[in-house]
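run.cif (mmCIF, N, CA and C atoms) appears below.
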```cif
data_structure
loop_
_atom_site.label_atom_id
_atom_site.label_comp_id
_atom_site.auth_asym_id
_atom_site.auth_seq_id
_atom_site.Cartn_x
_atom_site.Cartn_y
_atom_site.Cartn_z
N MET A 567 3.66 26.21 -2.36
CA MET A 567 3.38 25.33 -3.48
C MET A 567 4.38 24.17 -3.47
N VAL A 568 3.91 23.00 -3.84
CA VAL A 568 4.73 21.79 -3.85
C VAL A 568 5.64 21.78 -5.07
N ASN A 569 6.90 21.49 -4.84
CA ASN A 569 7.85 21.31 -5.93
C ASN A 569 7.74 19.84 -6.35
N PHE A 570 7.03 19.60 -7.46
CA PHE A 570 6.71 18.22 -7.84
C PHE A 570 7.94 17.35 -8.10
N PRO A 571 8.94 17.79 -8.85
CA PRO A 571 10.13 16.94 -9.02
C PRO A 571 10.78 16.56 -7.69
N GLU A 572 10.80 17.48 -6.76
CA GLU A 572 11.36 17.19 -5.44
C GLU A 572 10.50 16.16 -4.70
N LEU A 573 9.19 16.30 -4.81
CA LEU A 573 8.28 15.34 -4.18
C LEU A 573 8.50 13.93 -4.74
N VAL A 574 8.67 13.83 -6.04
CA VAL A 574 8.91 12.52 -6.66
C VAL A 574 10.20 11.91 -6.11
N ARG A 575 11.23 12.72 -5.94
CA ARG A 575 12.49 12.21 -5.38
C ARG A 575 12.31 11.74 -3.94
N GLU A 576 11.49 12.46 -3.19
CA GLU A 576 11.22 12.10 -1.79
C GLU A 576 10.37 10.84 -1.67
N ALA A 577 9.64 10.50 -2.70
CA ALA A 577 8.69 9.38 -2.65
C ALA A 577 9.33 8.04 -3.00
N ARG A 578 10.63 7.96 -2.93
CA ARG A 578 11.31 6.68 -3.20
C ARG A 578 10.85 5.64 -2.20
N SER A 579 10.98 4.37 -2.56
CA SER A 579 10.58 3.29 -1.66
C SER A 579 11.37 3.36 -0.36
N CYS A 580 10.65 3.22 0.71
CA CYS A 580 11.22 3.23 2.05
C CYS A 580 11.05 1.82 2.62
N ARG A 581 12.10 1.27 3.17
CA ARG A 581 12.00 -0.09 3.72
C ARG A 581 12.36 -0.14 5.21
N ARG A 582 12.53 1.02 5.80
CA ARG A 582 12.76 1.10 7.24
C ARG A 582 11.92 2.27 7.76
N PHE A 583 11.16 1.99 8.80
CA PHE A 583 10.19 2.95 9.31
C PHE A 583 10.47 3.23 10.78
N HIS A 584 9.77 4.18 11.34
CA HIS A 584 9.88 4.51 12.75
C HIS A 584 8.66 3.93 13.46
N GLU A 585 8.84 2.73 13.99
CA GLU A 585 7.71 2.04 14.62
C GLU A 585 7.21 2.77 15.86
N ASN A 586 8.03 3.61 16.44
CA ASN A 586 7.62 4.37 17.62
C ASN A 586 6.78 5.59 17.24
N ILE A 587 6.62 5.84 15.94
CA ILE A 587 5.76 6.94 15.45
C ILE A 587 4.64 6.31 14.62
N PRO A 588 3.57 5.87 15.28
CA PRO A 588 2.50 5.20 14.54
C PRO A 588 1.78 6.14 13.58
N ILE A 589 1.39 5.57 12.46
CA ILE A 589 0.56 6.31 11.50
C ILE A 589 -0.89 6.00 11.86
N GLY A 590 -1.67 7.00 12.02
CA GLY A 590 -3.05 6.80 12.47
C GLY A 590 -3.98 6.35 11.35
N ALA A 591 -5.07 5.74 11.76
CA ALA A 591 -6.09 5.30 10.81
C ALA A 591 -6.61 6.48 10.00
N ASN A 592 -6.69 7.66 10.61
CA ASN A 592 -7.18 8.85 9.89
C ASN A 592 -6.23 9.25 8.77
N VAL A 593 -4.92 9.05 8.95
CA VAL A 593 -3.95 9.38 7.90
C VAL A 593 -4.10 8.41 6.73
N LEU A 594 -4.27 7.13 7.04
CA LEU A 594 -4.47 6.13 5.98
C LEU A 594 -5.76 6.43 5.21
N ARG A 595 -6.82 6.81 5.93
CA ARG A 595 -8.08 7.17 5.25
C ARG A 595 -7.89 8.39 4.36
N ASP A 596 -7.08 9.35 4.82
CA ASP A 596 -6.80 10.55 4.02
C ASP A 596 -6.09 10.17 2.72
N ILE A 597 -5.16 9.23 2.79
CA ILE A 597 -4.45 8.78 1.59
C ILE A 597 -5.44 8.11 0.63
N VAL A 598 -6.29 7.25 1.15
CA VAL A 598 -7.30 6.58 0.31
C VAL A 598 -8.27 7.59 -0.26
N ASP A 599 -8.67 8.57 0.53
CA ASP A 599 -9.60 9.58 0.04
C ASP A 599 -8.99 10.35 -1.13
N CYS A 600 -7.70 10.61 -1.05
CA CYS A 600 -7.00 11.30 -2.14
C CYS A 600 -6.99 10.44 -3.40
N VAL A 601 -6.74 9.15 -3.22
CA VAL A 601 -6.55 8.25 -4.36
C VAL A 601 -7.88 7.90 -5.05
N ARG A 602 -8.96 7.95 -4.32
CA ARG A 602 -10.24 7.54 -4.91
C ARG A 602 -10.71 8.46 -6.04
N VAL A 603 -10.11 9.63 -6.16
CA VAL A 603 -10.52 10.55 -7.23
C VAL A 603 -9.56 10.53 -8.42
N THR A 604 -8.60 9.59 -8.42
CA THR A 604 -7.67 9.50 -9.55
C THR A 604 -8.38 8.89 -10.76
N THR A 605 -7.73 8.99 -11.89
CA THR A 605 -8.32 8.48 -13.13
C THR A 605 -8.47 6.97 -13.09
N SER A 606 -9.44 6.50 -13.86
CA SER A 606 -9.72 5.07 -13.97
C SER A 606 -10.13 4.78 -15.40
N ALA A 607 -9.55 3.73 -15.99
CA ALA A 607 -9.87 3.37 -17.37
C ALA A 607 -11.38 3.16 -17.52
N ARG A 608 -11.93 3.82 -18.51
CA ARG A 608 -13.37 3.75 -18.80
C ARG A 608 -14.24 4.13 -17.60
N ASN A 609 -13.63 4.81 -16.65
CA ASN A 609 -14.30 5.21 -15.41
C ASN A 609 -14.94 4.01 -14.70
N ARG A 610 -14.32 2.84 -14.83
CA ARG A 610 -14.84 1.62 -14.20
C ARG A 610 -14.69 1.65 -12.69
N GLN A 611 -13.67 2.33 -12.20
CA GLN A 611 -13.40 2.43 -10.77
C GLN A 611 -13.44 1.06 -10.09
N PRO A 612 -12.57 0.13 -10.53
CA PRO A 612 -12.61 -1.23 -10.00
C PRO A 612 -11.87 -1.43 -8.68
N LEU A 613 -11.20 -0.39 -8.19
CA LEU A 613 -10.36 -0.58 -7.01
C LEU A 613 -11.10 -0.29 -5.71
N ARG A 614 -10.73 -1.07 -4.70
CA ARG A 614 -11.22 -0.89 -3.34
C ARG A 614 -9.99 -0.92 -2.44
N TYR A 615 -10.13 -0.47 -1.21
CA TYR A 615 -8.98 -0.34 -0.32
C TYR A 615 -9.32 -0.83 1.08
N VAL A 616 -8.35 -1.45 1.72
CA VAL A 616 -8.46 -1.83 3.13
C VAL A 616 -7.26 -1.20 3.83
N THR A 617 -7.54 -0.46 4.89
CA THR A 617 -6.46 0.15 5.67
C THR A 617 -6.23 -0.66 6.94
N VAL A 618 -4.98 -0.73 7.35
CA VAL A 618 -4.59 -1.49 8.54
C VAL A 618 -3.70 -0.61 9.40
N SER A 619 -4.16 -0.30 10.61
CA SER A 619 -3.33 0.47 11.53
C SER A 619 -3.23 -0.20 12.90
N GLY A 620 -4.10 -1.14 13.18
CA GLY A 620 -4.06 -1.83 14.47
C GLY A 620 -2.81 -2.69 14.61
N GLU A 621 -2.21 -2.65 15.81
CA GLU A 621 -0.93 -3.32 16.02
C GLU A 621 -1.00 -4.82 15.78
N GLU A 622 -2.01 -5.49 16.27
CA GLU A 622 -2.09 -6.95 16.11
C GLU A 622 -2.20 -7.36 14.64
N THR A 623 -3.04 -6.68 13.89
CA THR A 623 -3.20 -6.99 12.47
C THR A 623 -1.94 -6.64 11.69
N ARG A 624 -1.30 -5.53 12.03
CA ARG A 624 -0.04 -5.15 11.38
C ARG A 624 1.03 -6.21 11.56
N ARG A 625 1.15 -6.70 12.78
CA ARG A 625 2.17 -7.72 13.07
C ARG A 625 1.88 -9.00 12.29
N LYS A 626 0.62 -9.38 12.25
CA LYS A 626 0.24 -10.58 11.51
C LYS A 626 0.50 -10.40 10.02
N LEU A 627 0.13 -9.24 9.50
CA LEU A 627 0.32 -8.95 8.08
C LEU A 627 1.80 -8.92 7.72
N PHE A 628 2.62 -8.38 8.61
CA PHE A 628 4.05 -8.30 8.34
C PHE A 628 4.64 -9.68 8.06
N THR A 629 4.15 -10.70 8.74
CA THR A 629 4.68 -12.06 8.54
C THR A 629 4.40 -12.57 7.13
N HIS A 630 3.48 -11.94 6.41
CA HIS A 630 3.14 -12.35 5.04
C HIS A 630 3.76 -11.45 3.98
N THR A 631 4.66 -10.57 4.38
CA THR A 631 5.26 -9.67 3.40
C THR A 631 6.66 -10.15 3.03
N ASN A 632 7.04 -9.88 1.81
CA ASN A 632 8.37 -10.21 1.32
C ASN A 632 9.04 -8.91 0.87
N TRP A 633 10.10 -8.55 1.55
CA TRP A 633 10.79 -7.29 1.32
C TRP A 633 12.06 -7.53 0.53
N ALA A 634 12.16 -6.97 -0.66
CA ALA A 634 13.36 -7.11 -1.47
C ALA A 634 13.82 -8.56 -1.50
N SER A 635 12.86 -9.46 -1.71
CA SER A 635 13.16 -10.89 -1.65
C SER A 635 14.17 -11.31 -2.71
N ALA A 636 14.23 -10.60 -3.82
CA ALA A 636 15.21 -10.92 -4.85
C ALA A 636 16.63 -10.72 -4.33
N LEU A 637 16.76 -9.89 -3.31
CA LEU A 637 18.07 -9.63 -2.71
C LEU A 637 18.31 -10.51 -1.48
N GLY A 638 17.32 -11.33 -1.13
CA GLY A 638 17.45 -12.20 0.02
C GLY A 638 17.34 -11.49 1.36
N TRP A 639 16.69 -10.33 1.38
CA TRP A 639 16.53 -9.56 2.61
C TRP A 639 15.20 -9.92 3.25
N GLY A 640 15.17 -10.19 4.51
CA GLY A 640 13.96 -10.60 5.21
C GLY A 640 13.05 -9.47 5.63
N GLY A 641 13.44 -8.25 5.39
CA GLY A 641 12.61 -7.11 5.74
C GLY A 641 13.13 -6.37 6.94
N PRO A 642 12.46 -5.28 7.27
CA PRO A 642 12.93 -4.44 8.37
C PRO A 642 12.85 -5.18 9.72
N PRO A 643 13.83 -4.93 10.58
CA PRO A 643 13.81 -5.55 11.91
C PRO A 643 12.76 -4.90 12.80
N GLU A 644 12.46 -5.55 13.89
CA GLU A 644 11.53 -5.00 14.88
C GLU A 644 12.00 -3.60 15.25
N GLY A 645 11.06 -2.68 15.35
CA GLY A 645 11.37 -1.29 15.63
C GLY A 645 11.43 -0.44 14.38
N GLU A 646 11.56 -1.11 13.20
CA GLU A 646 11.63 -0.39 11.92
C GLU A 646 10.58 -0.89 10.93
N ARG A 647 9.54 -1.51 11.45
CA ARG A 647 8.49 -2.06 10.59
C ARG A 647 7.38 -1.05 10.36
N PRO A 648 6.59 -1.24 9.30
CA PRO A 648 5.51 -0.28 9.01
C PRO A 648 4.49 -0.20 10.13
N THR A 649 3.94 0.98 10.32
CA THR A 649 2.89 1.16 11.32
C THR A 649 1.52 1.28 10.67
N GLY A 650 1.46 1.03 9.39
CA GLY A 650 0.19 1.01 8.68
C GLY A 650 0.36 0.40 7.31
N TYR A 651 -0.71 -0.16 6.81
CA TYR A 651 -0.73 -0.74 5.47
C TYR A 651 -2.02 -0.30 4.76
N ILE A 652 -1.94 -0.24 3.45
CA ILE A 652 -3.14 -0.09 2.63
C ILE A 652 -3.08 -1.22 1.60
N ALA A 653 -4.12 -2.03 1.58
CA ALA A 653 -4.23 -3.09 0.57
C ALA A 653 -5.09 -2.56 -0.57
N ILE A 654 -4.58 -2.68 -1.79
CA ILE A 654 -5.36 -2.31 -2.97
C ILE A 654 -6.03 -3.58 -3.46
N LEU A 655 -7.33 -3.49 -3.70
CA LEU A 655 -8.12 -4.63 -4.14
C LEU A 655 -8.84 -4.28 -5.43
N SER A 656 -9.12 -5.30 -6.24
CA SER A 656 -9.87 -5.10 -7.49
C SER A 656 -11.15 -5.90 -7.41
N VAL A 657 -12.26 -5.28 -7.85
CA VAL A 657 -13.56 -5.96 -7.80
C VAL A 657 -13.76 -6.93 -8.94
N ALA A 658 -12.95 -6.86 -9.96
CA ALA A 658 -13.14 -7.71 -11.14
C ALA A 658 -11.91 -8.56 -11.39
N GLU A 659 -12.08 -9.62 -12.16
CA GLU A 659 -10.93 -10.40 -12.62
C GLU A 659 -10.00 -9.42 -13.32
N PRO A 660 -8.74 -9.37 -12.88
CA PRO A 660 -7.86 -8.35 -13.46
C PRO A 660 -7.74 -8.44 -14.98
N ALA A 661 -8.04 -7.34 -15.61
CA ALA A 661 -7.80 -7.15 -17.04
C ALA A 661 -6.67 -6.13 -17.12
N MET A 662 -6.10 -5.97 -18.27
CA MET A 662 -4.96 -5.08 -18.40
C MET A 662 -5.23 -3.69 -17.82
N ALA A 663 -6.39 -3.13 -18.03
CA ALA A 663 -6.69 -1.78 -17.57
C ALA A 663 -6.62 -1.67 -16.05
N VAL A 664 -6.98 -2.72 -15.32
CA VAL A 664 -6.95 -2.64 -13.86
C VAL A 664 -5.50 -2.52 -13.36
N TYR A 665 -4.56 -3.04 -14.10
CA TYR A 665 -3.16 -2.89 -13.70
C TYR A 665 -2.71 -1.44 -13.87
N TYR A 666 -3.19 -0.77 -14.89
CA TYR A 666 -2.89 0.65 -15.05
C TYR A 666 -3.51 1.44 -13.90
N ASP A 667 -4.77 1.15 -13.60
CA ASP A 667 -5.45 1.84 -12.50
C ASP A 667 -4.70 1.61 -11.19
N THR A 668 -4.26 0.38 -10.98
CA THR A 668 -3.53 0.05 -9.75
C THR A 668 -2.22 0.83 -9.67
N GLY A 669 -1.50 0.92 -10.78
CA GLY A 669 -0.25 1.68 -10.80
C GLY A 669 -0.47 3.14 -10.49
N ILE A 670 -1.51 3.71 -11.08
CA ILE A 670 -1.84 5.11 -10.82
C ILE A 670 -2.18 5.31 -9.35
N ALA A 671 -3.00 4.41 -8.81
CA ALA A 671 -3.40 4.52 -7.40
C ALA A 671 -2.20 4.37 -6.47
N ALA A 672 -1.37 3.36 -6.72
CA ALA A 672 -0.22 3.11 -5.86
C ALA A 672 0.76 4.29 -5.89
N GLN A 673 1.03 4.81 -7.07
CA GLN A 673 1.94 5.95 -7.17
C GLN A 673 1.36 7.18 -6.49
N THR A 674 0.07 7.39 -6.64
CA THR A 674 -0.57 8.53 -5.98
C THR A 674 -0.46 8.40 -4.47
N MET A 675 -0.67 7.18 -3.96
CA MET A 675 -0.54 6.96 -2.51
C MET A 675 0.88 7.25 -2.04
N GLN A 676 1.85 6.78 -2.80
CA GLN A 676 3.25 6.98 -2.41
C GLN A 676 3.60 8.47 -2.42
N LEU A 677 3.14 9.19 -3.42
CA LEU A 677 3.40 10.63 -3.48
C LEU A 677 2.71 11.37 -2.33
N HIS A 678 1.48 10.99 -2.03
CA HIS A 678 0.75 11.65 -0.94
C HIS A 678 1.41 11.36 0.40
N ALA A 679 1.84 10.12 0.60
CA ALA A 679 2.53 9.77 1.84
C ALA A 679 3.81 10.60 1.99
N ALA A 680 4.56 10.73 0.89
CA ALA A 680 5.79 11.51 0.93
C ALA A 680 5.49 12.97 1.25
N ARG A 681 4.44 13.49 0.67
CA ARG A 681 4.07 14.89 0.93
C ARG A 681 3.74 15.11 2.41
N MET A 682 3.22 14.07 3.05
CA MET A 682 2.89 14.16 4.48
C MET A 682 4.09 13.83 5.37
N GLY A 683 5.23 13.51 4.74
CA GLY A 683 6.43 13.20 5.51
C GLY A 683 6.54 11.75 5.93
N SER A 684 5.75 10.88 5.32
CA SER A 684 5.78 9.45 5.65
C SER A 684 6.48 8.66 4.56
N GLY A 685 7.06 7.54 4.95
CA GLY A 685 7.68 6.64 3.99
C GLY A 685 6.65 5.64 3.48
N CYS A 686 6.94 5.05 2.34
CA CYS A 686 6.00 4.11 1.73
C CYS A 686 6.78 3.13 0.85
N CYS A 687 6.27 1.91 0.76
CA CYS A 687 6.86 0.90 -0.11
C CYS A 687 5.75 0.06 -0.70
N MET A 688 5.80 -0.17 -1.99
CA MET A 688 4.82 -1.03 -2.66
C MET A 688 5.29 -2.47 -2.57
N LEU A 689 4.42 -3.34 -2.09
CA LEU A 689 4.74 -4.75 -1.93
C LEU A 689 3.77 -5.58 -2.76
N ASN A 690 4.29 -6.23 -3.77
CA ASN A 690 3.44 -7.08 -4.59
C ASN A 690 3.75 -8.56 -4.38
N ASN A 691 4.93 -8.87 -3.88
CA ASN A 691 5.34 -10.25 -3.65
C ASN A 691 4.82 -10.69 -2.28
N VAL A 692 3.53 -10.90 -2.20
CA VAL A 692 2.89 -11.36 -0.96
C VAL A 692 2.01 -12.56 -1.27
N PRO A 693 1.96 -13.53 -0.37
CA PRO A 693 1.07 -14.67 -0.59
C PRO A 693 -0.39 -14.24 -0.40
N ARG A 694 -1.15 -14.32 -1.46
CA ARG A 694 -2.52 -13.77 -1.45
C ARG A 694 -3.45 -14.44 -0.43
N ASP A 695 -3.42 -15.76 -0.33
CA ASP A 695 -4.36 -16.43 0.56
C ASP A 695 -4.17 -16.06 2.03
N PRO A 696 -2.93 -16.08 2.56
CA PRO A 696 -2.76 -15.65 3.96
C PRO A 696 -3.15 -14.18 4.19
N VAL A 697 -2.85 -13.32 3.21
CA VAL A 697 -3.24 -11.91 3.34
C VAL A 697 -4.76 -11.80 3.35
N ARG A 698 -5.41 -12.53 2.47
CA ARG A 698 -6.88 -12.54 2.39
C ARG A 698 -7.47 -12.94 3.75
N GLU A 699 -6.92 -14.00 4.32
CA GLU A 699 -7.41 -14.49 5.61
C GLU A 699 -7.14 -13.48 6.73
N SER A 700 -5.94 -12.92 6.75
CA SER A 700 -5.58 -11.96 7.81
C SER A 700 -6.46 -10.71 7.79
N LEU A 701 -6.85 -10.28 6.60
CA LEU A 701 -7.63 -9.04 6.48
C LEU A 701 -9.12 -9.28 6.27
N GLY A 702 -9.53 -10.55 6.16
CA GLY A 702 -10.96 -10.85 5.96
C GLY A 702 -11.47 -10.37 4.62
N ILE A 703 -10.66 -10.52 3.58
CA ILE A 703 -11.03 -10.04 2.25
C ILE A 703 -11.86 -11.11 1.54
N PRO A 704 -13.04 -10.77 1.05
CA PRO A 704 -13.88 -11.75 0.35
C PRO A 704 -13.22 -12.26 -0.93
N VAL A 705 -13.55 -13.47 -1.32
CA VAL A 705 -12.91 -14.10 -2.49
C VAL A 705 -13.21 -13.37 -3.79
N GLU A 706 -14.29 -12.60 -3.84
CA GLU A 706 -14.60 -11.90 -5.09
C GLU A 706 -13.72 -10.67 -5.33
N LEU A 707 -12.88 -10.34 -4.37
CA LEU A 707 -11.94 -9.23 -4.54
C LEU A 707 -10.54 -9.78 -4.76
N GLU A 708 -9.90 -9.29 -5.81
CA GLU A 708 -8.53 -9.68 -6.15
C GLU A 708 -7.57 -8.80 -5.35
N ILE A 709 -6.59 -9.41 -4.72
CA ILE A 709 -5.60 -8.64 -3.96
C ILE A 709 -4.52 -8.15 -4.92
N MET A 710 -4.34 -6.86 -4.95
CA MET A 710 -3.32 -6.21 -5.74
C MET A 710 -2.17 -5.89 -4.76
N PRO A 711 -1.34 -4.89 -4.98
CA PRO A 711 -0.24 -4.63 -4.02
C PRO A 711 -0.70 -4.13 -2.66
N LEU A 712 0.19 -4.29 -1.70
CA LEU A 712 0.07 -3.66 -0.39
C LEU A 712 1.03 -2.48 -0.38
N LEU A 713 0.69 -1.44 0.33
CA LEU A 713 1.60 -0.31 0.52
C LEU A 713 1.75 -0.10 2.01
#
```

Do you think you could lay out the structure here as structure tokens?
Amino acid sequence: MVNFPELVREARSCRRFHENIPIGANVLRDIVDCVRVTTSARNRQPLRYVTVSGEETRRKLFTHTNWASALGWGGPPEGERPTGYIAILSVAEPAMAVYYDTGIAAQTMQLHAARMGSGCCMLNNVPRDPVRESLGIPVELEIMPLL
């Protein structure tokens, strides 16, 4: 049985990864599959997800991420960068409830990643237009955080 308080402690933000241990597309799909059954305000289920595990797209996406930018840190060096991303998207113009749904989804993803022994970091300070272009996200979807 999982010790939940211990899991929460393990799920702290990780900003250095093991690039030589790639996270597979199947693991990212497993995380999304877990999160899709979480609660949603009024059962609207406004969130959608894009997973990224391919090396070329990961490298391109990394250039659009800001890591601890308030501290002036440029992010993890080569060899310690993420080997996968999940973009959380919203189908509607964000209303207050979608931010709650996003928080629930992001926290669930981080907890599930920790349970699987993976690190995770929520990134909200990203330029939306370059991310949209890099991932081919349609304009009708609002980009929420990346994990």

When DSSP is applied to the backbone of this structure, which of chain A are assigned strand (DSSP E)? Write them out as number ranges by chain.
A: 613-618, 651-656, 708-712

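Across the structure, atom N of A:Gly641 and atom N of A:Ala653 are spaced 19.0 Å apart.
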
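One finds atom N of A:Val601 at 24.7 Å from atom C of A:Lys626.
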
Just give me the gap between atom N of A:His630 and atom CA of A:Phe583 in Å, one decimal is fine.
16.6 Å

For stretch 609-625 of chain A, work out the shell of residues within 6 Å, counting all atoms listed in the file and skipping chain neighbours fewer than 2 positions away, then give it as a PyMOL selection string.
chain A and resi 590-591+606-607+627-629+649-658

Hey, what's within 6.5 Å of stretch 674-676 of chain A if we count all atoms listed in the file and toss same-chain stuff fewer than 2 positions away? As a list in words, please?
Ala577, Ile597, Val601, Gly669, Ile670, Ala671, Ala672, His678, Ala679, Ala680, Arg681 and Cys686 of chain A

For A:Ala663, which of A:Arg608, A:Glu576, A:Asp695, A:His584 is the closest residue, counting only N, CA and C atoms?
A:Arg608

Using DSSP secondary structure from the backbone, list all alpha helix (DSSP H) positions within stretch 580-684 of chain A, as a ChimeraX atom specification.
/A:591-601,621-628,662-681

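Using only C-alpha atoms, the nearest neighbour of A:Leu707 within the list A:Glu659, A:Val568, A:Arg575, A:Trp639 is A:Glu659.
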
Within 6.5 Å of A:Glu585, counting all atoms listed in the file, which residues show up once you throw out same-chain ones fewer than 3 positions away? Write them as a short mmCIF file (atom, residue, chain, number, x, y, z; two decimals) with N, CA and C atoms, in the frame of the given file, please.
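File produced: result-v3.cif:
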```cif
data_model
loop_
_atom_site.label_atom_id
_atom_site.label_comp_id
_atom_site.auth_asym_id
_atom_site.auth_seq_id
_atom_site.Cartn_x
_atom_site.Cartn_y
_atom_site.Cartn_z
N PRO A 588 3.57 5.87 15.28
CA PRO A 588 2.50 5.20 14.54
C PRO A 588 1.78 6.14 13.58
N GLY A 645 11.06 -2.68 15.35
CA GLY A 645 11.37 -1.29 15.63
C GLY A 645 11.43 -0.44 14.38
N GLU A 646 11.56 -1.11 13.20
CA GLU A 646 11.63 -0.39 11.92
C GLU A 646 10.58 -0.89 10.93
N ARG A 647 9.54 -1.51 11.45
CA ARG A 647 8.49 -2.06 10.59
C ARG A 647 7.38 -1.05 10.36
N PRO A 648 6.59 -1.24 9.30
CA PRO A 648 5.51 -0.28 9.01
C PRO A 648 4.49 -0.20 10.13
N THR A 649 3.94 0.98 10.32
CA THR A 649 2.89 1.16 11.32
C THR A 649 1.52 1.28 10.67
#
```

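If you measure from each of A:Val574, A:Cys580, A:Thr604, A:Ala636 to A:Asn691 using only C-alpha atoms, the closest one turns out to be A:Ala636.
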
Show me that you can extract stretch 581-637 of chain A, keeping C-alpha atoms, and write it as a short mmCIF file (atom, residue, chain, number, x, y, z; two decimals), in the first residue's frame.
```
data_model
loop_
_atom_site.label_atom_id
_atom_site.label_comp_id
_atom_site.auth_asym_id
_atom_site.auth_seq_id
_atom_site.Cartn_x
_atom_site.Cartn_y
_atom_site.Cartn_z
CA ARG A 581 14.51 20.35 -12.15
CA ARG A 582 17.27 17.92 -13.05
CA PHE A 583 16.56 14.68 -14.87
CA HIS A 584 18.45 11.67 -16.20
CA GLU A 585 18.47 12.26 -19.93
CA ASN A 586 20.12 8.88 -20.47
CA ILE A 587 16.97 7.22 -19.04
CA PRO A 588 14.22 8.18 -21.49
CA ILE A 589 10.61 8.13 -20.38
CA GLY A 590 8.58 6.25 -22.95
CA ALA A 591 5.45 7.42 -24.71
CA ASN A 592 3.57 4.58 -22.99
CA VAL A 593 4.50 5.97 -19.54
CA LEU A 594 3.26 9.44 -20.50
CA ARG A 595 0.01 7.90 -21.79
CA ASP A 596 -0.35 6.01 -18.50
CA ILE A 597 -0.05 9.29 -16.58
CA VAL A 598 -2.68 10.93 -18.80
CA ASP A 599 -4.94 7.89 -18.50
CA CYS A 600 -4.76 8.20 -14.72
CA VAL A 601 -5.52 11.92 -14.78
CA ARG A 602 -8.47 11.74 -17.17
CA VAL A 603 -10.64 10.22 -14.42
CA THR A 604 -10.01 12.98 -11.87
CA THR A 605 -12.75 15.33 -10.77
CA SER A 606 -13.88 18.19 -12.98
CA ALA A 607 -16.07 21.16 -12.04
CA ARG A 608 -19.62 20.52 -13.22
CA ASN A 609 -18.20 17.45 -14.96
CA ARG A 610 -17.30 19.74 -17.89
CA GLN A 611 -14.04 17.86 -18.51
CA PRO A 612 -12.45 20.79 -20.39
CA LEU A 613 -8.90 19.48 -20.34
CA ARG A 614 -7.00 17.79 -23.14
CA TYR A 615 -3.41 16.55 -23.16
CA VAL A 616 -0.50 16.32 -25.59
CA THR A 617 2.40 14.04 -24.74
CA VAL A 618 5.91 14.60 -26.07
CA SER A 619 8.59 11.91 -25.94
CA GLY A 620 10.35 12.25 -29.29
CA GLU A 621 13.87 13.66 -29.01
CA GLU A 622 13.57 16.33 -31.70
CA THR A 623 10.31 17.76 -30.35
CA ARG A 624 11.62 17.62 -26.76
CA ARG A 625 14.71 19.60 -27.70
CA LYS A 626 12.63 22.18 -29.54
CA LEU A 627 10.16 22.45 -26.67
CA PHE A 628 12.96 22.83 -24.13
CA THR A 629 14.05 26.06 -25.83
CA HIS A 630 10.61 27.51 -24.97
CA THR A 631 10.68 26.63 -21.28
CA ASN A 632 11.61 28.93 -18.42
CA TRP A 633 12.96 27.16 -15.36
CA ALA A 634 12.92 29.04 -12.05
CA SER A 635 13.16 32.24 -14.08
CA ALA A 636 12.49 34.34 -10.98
CA LEU A 637 15.84 33.06 -9.73
#
```
